[in-house]
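Step one of this worksheet: look at the structure below.
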Amino acid sequence: MIRLRNSLTRGVEEFEPLDPDNVRMYVCGPTVYDRAHLGNARPVVVFDVLFRLLRHVYGAEHVTYVRNFTDVDDKINAEALRRQKAGAKGSLEELIRARTEETIAWYHADMDALGALRPTHEPRATEYIGQMIAMIAGLIAGGHAYEAEGHVLFRVRSYRDYGALSGRSVDDMISGARVEVAPFKEDPLDFVLWKPSDAELPGWDSPWGRGRPGWHIECSAMSRELLGESFDIHGGGIDLQFPHHENEIAQSHCAHPEAAFARYWLHNEMVMVDGKKMSKSLGNFFTVRDLLDKNIDGEVIRLVLLMTHYRRPMDWTEAKVQQATAIISHWGTLRRRLEKISIKPQIDPSFVDDEFLAAIADDLNLPQALTRLGRLKMDAELSGSDQATIDSFFSSLAFLGFENLAPSRAAISAAVEAAIGGVERIGVLVERLKSLRAAKSWAEADSLRDSLVGAGLKLQMGKGGEIDWEYSPDLDLKKLKALE
RNA sequence: GGCGGGUUGGCGGAGAGGUUACGCAGCGGAUUGCAAAUCCGUGUAGACCGGUUCGAUUCCGGUACCCGCCUCCA
């Protein structure tokens with residue numbers, strides 16, 4: 001049984017899909033104008049875990065997960081225009097396309113590094129303009145939208161339940177409104193479905209002239225197209241609850257009055273840095289790529305994100321990075337130890353621990369699941385060589401997306417290649433240490449050992465004289481090279 | 001101003017009205033040529049003030065402080 005906290009009802013509810021043969025989830029994706037920052041990564045990882053859980057429970061073939069790319073946006077336009085003015089070749093449309101293509105490729109690379117599975121569909125807004133226009137036309141026909149000065153606006157007063165998701169009333173919001181009210185709006189809260197584009201902006205022909213869609217309509221149109229008028233789960237950051245999700249609900253309900261639209265609304269809390277929400281507008285953000293480039297492994301970032309329950313704000317700190325690195329390193333050490341005695345963990349969904357799954361199914365209680373994981377690890381350690389116990393631990397780890405278990409190794413190897421010509425060079429140094437120790441040349445051996453450790457290698461000496469090693473996050477390639 | 005969330009041991013971070021959360025770090029031990037790694041052992045904290053209760057960190061009320069949304073934002 002999966003239980004989820006539904007923002008719509010403010011309570012934890014048992015999850016029952018409309019159709020167990022096709023469980024459907026939509027999550028708001030990024031606006032692709034720049035590298036994804038860590039805040040963008042949190043919903044990706046959180047809903048990745050939910051996706052994995054749904055696949056586990058209903059079968060991988062029976063879950064459809066849609067996450068969009070918003071590739072029509074004034075920030076993208078501005079960047080394309082900036083490039084054109086800086087001398088870039090091509091039409092504005094081409095420059096926009098180039099920018100969004102580039103950003104999507106970055107996004108995929110960065111989210112892949114975090115161990116997130118690709119969604120079933122990743123629609124781009126610009127490929128669903130026709131559906132948006134059709135939906136807007138329907139809203140006008142139904143009296144829920146109106147045209148004014150080349151814009152089409154949604155008539156908020158036409159949807160009785162407007163404000164239900166975020167718990168506000170239209171009247172309250174208007175009284176405390178800080179929005180700049182366009183003169184052609186009937187009501188200050190009416191929002192744009194379609195806006196006109198001048199020659200410097202990308203645009204599509206529509207019944208209301210050449211223009212482009214407002215922000216909210218794309219999610220309504222794409223979810224309708226790919227998941228149907230009613231579907232199961234809609235997710236996103238809590239900062240989208242109002243107005244974005246509220247507006248989506250209003251549009252979709254008015255366009256398809258008989259349908260339920262999204263039934264369970266899930267919102268993740270924000271990523272904080274120095275006690276403040278990480279956001280582009282505050283400028284206190286760093287990108288996932290920044291972290292990866294600092295040799296912080298994707299699995300470490302993933303674990304840090306999962307150590308805090310998704311409905312709590314998560315503070316990004318150096319201490320957490322170290323803690324997560326230590327944990328993953330311990331997992332990897334156990335696996336290597338087992339492999340040395342010829343025990344290879346078998347990874348299979350059916351081996352995943354039930355209690356561990358139950359914690360995840362309880363509104364994605366990952367801290368609880370990680371606690372259970374600690375217990376499974378201890379069992380695996382104490383079991384001696386009991387294959388089932390070992391398989392259970394490692395299958396559970398793999399379920400959560402932890403399979404490499406070598407913090408820093410993947411991220412660092414390219415740098416090692418460049419600096420000293422490959423990992424084999426480290427192997428040579430370790431071999432030298434091994435022979436010195438075998439010859440009981442303790443003074444030389446200890447000196448080399450200390451140098452290797454000082455250069456940022458973690459060494460583990462085995463009983464039979466073998467030496468296992470891994471990178472520590474503070475690897476110093478210059479020092480390592482000097483040892484050769 | 002309106003609405004919502006939070007405050008747990010050195011740090012991170014959960015559940016549960018009454019029994020050890022757990023992890024990281026630390027400390028002690030085993031092991032080791034010395035170390036590292038690993039293993040074993042070790043921690044009674046719950047912002048403040050009231051209330052309910054046989055009993056509250058857990059429920060209720062209030063106070064303080066912090067954070068988010070109300071404007072593009074994951």
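Following the order of the structure tokens, chains are lettered A, B, ..., residues in each are numbered from 1, and ligands are numbered from 1.
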
Residue hits in chain B, query chain A, radius 12 Å, only C-alpha atoms (C1' of nucleotides), as a compact mmCIF listing (two decimals) with C-alpha atoms (C1' of nucleotides), in the first residue's frame:
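out_9.txt, freshly written:
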```txt
# COMPACT_ATOMS: atom_id res chain seq x y z
C1' G B 1 -1.00 42.08 6.05
C1' G B 2 -3.09 36.90 4.34
C1' C B 3 -1.99 31.57 4.00
C1' G B 4 1.27 27.41 5.08
C1' G B 5 5.55 24.75 7.31
C1' G B 6 9.24 24.26 11.04
C1' C B 11 26.23 17.44 13.48
C1' G B 12 22.43 15.22 10.25
C1' G B 13 17.65 13.23 10.91
C1' A B 14 12.92 9.85 11.88
C1' G B 15 9.05 7.21 14.16
C1' A B 21 15.54 5.29 16.31
C1' C B 22 19.27 5.39 12.96
C1' G B 23 23.59 7.62 10.54
C1' C B 24 28.15 10.72 10.73
C1' A B 25 31.75 12.45 14.05
C1' U B 31 42.72 -6.30 14.76
C1' U B 32 47.65 -4.29 12.87
C1' G B 33 54.98 -4.25 12.65
C1' C B 34 52.82 1.04 13.48
C1' A B 35 48.66 2.82 11.00
C1' A B 36 44.41 2.93 7.72
C1' A B 37 40.16 0.15 6.58
C1' U B 38 36.91 -3.21 9.07
C1' C B 39 34.37 -5.23 13.36
C1' C B 40 32.46 -4.79 18.59
C1' C B 66 13.21 30.61 11.64
C1' C B 67 11.51 29.48 6.68
C1' G B 68 8.25 29.34 2.32
C1' C B 69 4.14 31.20 -0.87
C1' C B 70 1.24 35.58 -2.04
C1' U B 71 6.06 38.34 -8.20
C1' C B 72 9.70 34.57 -12.66
C1' C B 73 11.20 30.31 -9.73
C1' A B 74 11.93 23.12 -8.46
```

If you run DSSP on the backbone here, which positions in range 110-251 of chain A get alpha helix (DSSP H)? Please write them as a ChimeraX atom specification. /A:110-113,129-141,170-175,217-227,246-251

Surrounding residues of A16 in chain B excluding itself and chain neighbours under 6 positions, 12 Å, only C-alpha atoms (C1' of nucleotides), as an MDAnalysis selection string: chainID B and resid 56:58

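Closest to G17 in chain B among B:G41, B:U53, B:A47, B:G29 is B:U53, based on only C-alpha atoms (C1' of nucleotides).
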
What's around Gln131 in chain A at 12 Å? Count only C-alpha atoms (C1' of nucleotides), leave out sequence neighbours fewer than 5 positions away in its own chain, and write the answer as a list in words. Ala125, Thr126, Ile136, Ala137, Gly138, Ser206, Pro213, Ile217, Glu218, Cys219, Ser220, Ala221, Met222, Ser223, Arg224, Glu225, Leu226 and Ala255 of chain A

Suppose we keep C-alpha atoms; can you now write the selection as a PDB file, in the first residue's frame?
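So the final result, stored in result-v7.pdb, reads:
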```pdb
ATOM      1  CA  ALA A 125       6.303  22.902 -24.958  1.00  0.00           C
ATOM      2  CA  THR A 126       7.033  24.144 -28.465  1.00  0.00           C
ATOM      3  CA  ILE A 136      -7.429  28.035 -25.248  1.00  0.00           C
ATOM      4  CA  ALA A 137     -10.075  28.190 -27.975  1.00  0.00           C
ATOM      5  CA  GLY A 138     -12.194  25.781 -25.951  1.00  0.00           C
ATOM      6  CA  SER A 206      -3.168  31.602 -33.825  1.00  0.00           C
ATOM      7  CA  PRO A 213       1.677  30.764 -24.955  1.00  0.00           C
ATOM      8  CA  ILE A 217      -1.161  26.364 -20.351  1.00  0.00           C
ATOM      9  CA  GLU A 218       1.613  24.083 -21.555  1.00  0.00           C
ATOM     10  CA  CYS A 219       1.344  21.705 -18.619  1.00  0.00           C
ATOM     11  CA  SER A 220      -2.421  21.450 -19.009  1.00  0.00           C
ATOM     12  CA  ALA A 221      -2.121  20.774 -22.734  1.00  0.00           C
ATOM     13  CA  MET A 222       0.744  18.295 -22.491  1.00  0.00           C
ATOM     14  CA  SER A 223      -0.643  16.318 -19.585  1.00  0.00           C
ATOM     15  CA  ARG A 224      -3.957  16.084 -21.410  1.00  0.00           C
ATOM     16  CA  GLU A 225      -2.269  14.888 -24.576  1.00  0.00           C
ATOM     17  CA  LEU A 226       0.031  12.323 -22.956  1.00  0.00           C
ATOM     18  CA  ALA A 255     -11.553  22.701 -20.333  1.00  0.00           C
TER      19      ALA A 255
END
```

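The space separating CA of Pro119 in chain A from CA of Phe356 in chain A comes to 23.6 Å.
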
Strand (DSSP E or B) per DSSP on the backbone: members of range 87-222 of chain A, as a ChimeraX atom specification: /A:121,124,145-148,151-154,191-196,204,211-213

Near Asp362 in chain A, counting only C-alpha atoms (C1' of nucleotides), which residues have an atom at most 8 Å away, once you skip same-chain residues fewer than 4 positions from it, shown as a PyMOL selection string? chain A and resi 2-4+358

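The spacing separating CA of Pro20 in chain A from CA of Gly59 in chain A amounts to 9.1 Å.
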
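With CA of His62 in chain A on one side and CA of Pro349 in chain A on the other, the separation reads 15.6 Å.
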